[in-house]
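A.B. asks: Questions regarding the structure given below will be posed in turn.
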Amino acid sequence: ASAVSVETMQGNHLYDLICSATPEPDRLFAVLIDGRRLTYRELKEVSGRFAAALRRLGVGVGDRVAVQVEKSVEALALYIACLRCGAIFAPLNNAYTIAEIGYFLADADPALFVCDPARLDAPGTPLAHAPFPIVTLGAAGDGSLADLARECSAEFDNAQAGPRSDRMS
């Protein structure tokens, strides 16, 4: 395998780097606990659908997507979708209390919040009057974001989002 220099790549640097190191598309990426098998091609398709869903929800290059979901292949696909959109994936610890979530969301000023479906129904949640859209994504691939993604095409034109020195402050 040849090394790829980030400096010579054009476009979406981190996503392009990941793709350049990806083996043949039909190679097995993961075998999940429930027995599902996922190839690299399928991971690319799922991330493309999630990226298209993020775009439909108004997420653009440089926008923050705050995420508080369980670890899952769907969460990984969401991370890759953020890369493909040029968005900033801002993970929140699942152990955060409702008050802590409210603080971090106010501080992060996200364009979108993705949470576990159960989190949205938690008593005392500060999310009812959030100034940004809220969607859900469960570890089993359920939730409103997953539903929207299933309606979207897997084909997605990746954002041109390279390193930006003006965001380093």
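In the structure tokens, the first chain shown is A, the next is B, and so on; residue numbers restart at 1 for each chain, and ligands run from 1 in the order shown.
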Name the residues of region 24-63 of chain A that fall into alpha helix (DSSP H) according to DSSP on the backbone, using the chain letters and numbers of this document, as JSON, numbers by chain.

C.D. replies: {"A": [40, 41, 42, 43, 44, 45, 46, 47, 48, 49, 50, 51, 52, 53, 54, 55, 56]}

A.B. asks: Env of Gly62 (chain A): 8 Å cut, atoms = only C-alpha atoms, seq-sep filter 5 positions within chain, self excluded. Answer as a count of residues only.

C.D. replies: 3

A.B. asks: Please measure the separation of CA of Gly48 (chain A) and CA of Asn93 (chain A), giving the value in Å to one decimal.

C.D. replies: 25.0 Å

A.B. asks: In Å, how far is it from CA of Val65 (chain A) to CA of Glu155 (chain A)?

C.D. replies: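 Distance reported for this atom pair: 20.9 Å.
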
A.B. asks: Pick out the residues sitting within 12 Å of Ala95 (chain A), and hand them over as a list in words; count only C-alpha atoms, and ignore anything fewer than 3 positions along from it in its own chain.

C.D. replies: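 The residues satisfying every condition are Gln68, Val69, Glu70, Pro91, Leu92, Ile98, Ala99, Glu100, Ile101 and Arg119 of chain A.
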
A.B. asks: To one decimal place in Å, what is the distance between CA of Leu120 (chain A) and CA of Cys82 (chain A)?

C.D. replies: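 One can read the CA of Leu120 (chain A) to CA of Cys82 (chain A) distance as 21.3 Å.
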
A.B. asks: So that each row is one residue of region 71-142 of chain A with an atom at most 8 Å from region 52-59 of chain A, can you give its shortest atom pair and the distance in Å to one decimal, using only C-alpha atoms, rows by chain and rising number, as JSON lines?

C.D. replies:
```
{"residue": "A:Ala81", "atom": "CA", "partner": "A:Leu54", "partner_atom": "CA", "distance": 7.9}
{"residue": "A:Cys82", "atom": "CA", "partner": "A:Leu54", "partner_atom": "CA", "distance": 7.9}
{"residue": "A:Cys85", "atom": "CA", "partner": "A:Arg55", "partner_atom": "CA", "distance": 7.4}
{"residue": "A:Ala87", "atom": "CA", "partner": "A:Val59", "partner_atom": "CA", "distance": 7.1}
{"residue": "A:Ala111", "atom": "CA", "partner": "A:Val59", "partner_atom": "CA", "distance": 6.2}
{"residue": "A:Leu112", "atom": "CA", "partner": "A:Val59", "partner_atom": "CA", "distance": 7.2}
{"residue": "A:Pro133", "atom": "CA", "partner": "A:Leu57", "partner_atom": "CA", "distance": 7.6}
```

A.B. asks: If you take only C-alpha atoms and a cut-off of 9 Å, which residues of region 74-148 of chain A touch region 27-44 of chain A, and what are their nearest atom pairs and distances in Å to one decimal, in chain and number order, as a tab-separated table?

C.D. replies:
```
residue	atom	partner	partner_atom	distance
A:Glu74	CA	A:Leu43	CA	9.0
A:Leu76	CA	A:Leu43	CA	8.9
A:Ala77	CA	A:Leu43	CA	6.6
A:Ile80	CA	A:Lys44	CA	8.4
A:Ala81	CA	A:Lys44	CA	8.9
```

A.B. asks: From the options A:Asp63, A:Glu45, A:Glu24, A:Asp107, which residue's atoms come nearest to Arg150 (chain A), counting only C-alpha atoms?

C.D. replies: A:Glu45

A.B. asks: Step one, run DSSP on the backbone; step two, keep only residues of region 26-129 of chain A assigned to strand (DSSP E or B); then write them as a PyMOL selection string.

C.D. replies: chain A and resi 28-31+37-39+64-68+88-91+112-115

A.B. asks: So that I have them on file, write out the residues from the current selection with N, CA and C atoms, as a PDB file, in the first residue's frame.

C.D. replies:
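Full text of again28.pdb as output:
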```
ATOM      1  N   LEU A  28     -15.376  -7.386   3.740  1.00  0.00           N
ATOM      2  CA  LEU A  28     -16.114  -7.286   4.984  1.00  0.00           C
ATOM      3  C   LEU A  28     -15.519  -6.205   5.881  1.00  0.00           C
ATOM      4  N   PHE A  29     -16.368  -5.288   6.327  1.00  0.00           N
ATOM      5  CA  PHE A  29     -15.944  -4.239   7.256  1.00  0.00           C
ATOM      6  C   PHE A  29     -16.191  -4.678   8.695  1.00  0.00           C
ATOM      7  N   ALA A  30     -17.366  -5.256   8.951  1.00  0.00           N
ATOM      8  CA  ALA A  30     -17.707  -5.626  10.326  1.00  0.00           C
ATOM      9  C   ALA A  30     -18.752  -6.734  10.346  1.00  0.00           C
ATOM     10  N   VAL A  31     -18.669  -7.562  11.380  1.00  0.00           N
ATOM     11  CA  VAL A  31     -19.725  -8.506  11.709  1.00  0.00           C
ATOM     12  C   VAL A  31     -20.290  -8.017  13.042  1.00  0.00           C
ATOM     13  N   ARG A  37     -23.778  -8.494   8.668  1.00  0.00           N
ATOM     14  CA  ARG A  37     -22.454  -8.333   8.075  1.00  0.00           C
ATOM     15  C   ARG A  37     -22.485  -7.062   7.242  1.00  0.00           C
ATOM     16  N   LEU A  38     -21.437  -6.279   7.323  1.00  0.00           N
ATOM     17  CA  LEU A  38     -21.393  -4.990   6.641  1.00  0.00           C
ATOM     18  C   LEU A  38     -20.105  -4.889   5.849  1.00  0.00           C
ATOM     19  N   THR A  39     -20.228  -4.586   4.551  1.00  0.00           N
ATOM     20  CA  THR A  39     -19.044  -4.401   3.711  1.00  0.00           C
ATOM     21  C   THR A  39     -18.668  -2.922   3.693  1.00  0.00           C
ATOM     22  N   ARG A  64     -21.785  22.514  13.341  1.00  0.00           N
ATOM     23  CA  ARG A  64     -21.587  21.495  14.367  1.00  0.00           C
ATOM     24  C   ARG A  64     -22.820  20.596  14.439  1.00  0.00           C
ATOM     25  N   VAL A  65     -22.559  19.303  14.571  1.00  0.00           N
ATOM     26  CA  VAL A  65     -23.610  18.319  14.800  1.00  0.00           C
ATOM     27  C   VAL A  65     -23.310  17.692  16.155  1.00  0.00           C
ATOM     28  N   ALA A  66     -24.081  18.072  17.166  1.00  0.00           N
ATOM     29  CA  ALA A  66     -23.911  17.510  18.504  1.00  0.00           C
ATOM     30  C   ALA A  66     -24.573  16.135  18.518  1.00  0.00           C
ATOM     31  N   VAL A  67     -23.856  15.156  19.070  1.00  0.00           N
ATOM     32  CA  VAL A  67     -24.311  13.767  19.000  1.00  0.00           C
ATOM     33  C   VAL A  67     -24.177  13.118  20.366  1.00  0.00           C
ATOM     34  N   GLN A  68     -25.286  12.535  20.845  1.00  0.00           N
ATOM     35  CA  GLN A  68     -25.267  11.761  22.084  1.00  0.00           C
ATOM     36  C   GLN A  68     -26.039  10.479  21.827  1.00  0.00           C
ATOM     37  N   ILE A  88     -18.849  19.419  11.593  1.00  0.00           N
ATOM     38  CA  ILE A  88     -18.052  19.087  12.773  1.00  0.00           C
ATOM     39  C   ILE A  88     -18.866  18.160  13.656  1.00  0.00           C
ATOM     40  N   PHE A  89     -18.364  16.954  13.883  1.00  0.00           N
ATOM     41  CA  PHE A  89     -19.005  15.953  14.733  1.00  0.00           C
ATOM     42  C   PHE A  89     -18.625  16.292  16.169  1.00  0.00           C
ATOM     43  N   ALA A  90     -19.608  16.606  16.997  1.00  0.00           N
ATOM     44  CA  ALA A  90     -19.367  17.002  18.395  1.00  0.00           C
ATOM     45  C   ALA A  90     -20.017  15.986  19.321  1.00  0.00           C
ATOM     46  N   PRO A  91     -19.260  14.944  19.722  1.00  0.00           N
ATOM     47  CA  PRO A  91     -19.852  13.893  20.555  1.00  0.00           C
ATOM     48  C   PRO A  91     -20.051  14.343  21.996  1.00  0.00           C
ATOM     49  N   LEU A 112     -27.574  21.013  14.640  1.00  0.00           N
ATOM     50  CA  LEU A 112     -28.424  19.840  14.788  1.00  0.00           C
ATOM     51  C   LEU A 112     -27.973  19.073  16.024  1.00  0.00           C
ATOM     52  N   PHE A 113     -28.930  18.460  16.712  1.00  0.00           N
ATOM     53  CA  PHE A 113     -28.619  17.573  17.831  1.00  0.00           C
ATOM     54  C   PHE A 113     -29.182  16.210  17.500  1.00  0.00           C
ATOM     55  N   VAL A 114     -28.334  15.172  17.591  1.00  0.00           N
ATOM     56  CA  VAL A 114     -28.744  13.796  17.362  1.00  0.00           C
ATOM     57  C   VAL A 114     -28.626  13.069  18.695  1.00  0.00           C
ATOM     58  N   CYS A 115     -29.719  12.489  19.149  1.00  0.00           N
ATOM     59  CA  CYS A 115     -29.684  11.782  20.429  1.00  0.00           C
ATOM     60  C   CYS A 115     -30.417  10.457  20.319  1.00  0.00           C
TER      61      CYS A 115
END
```
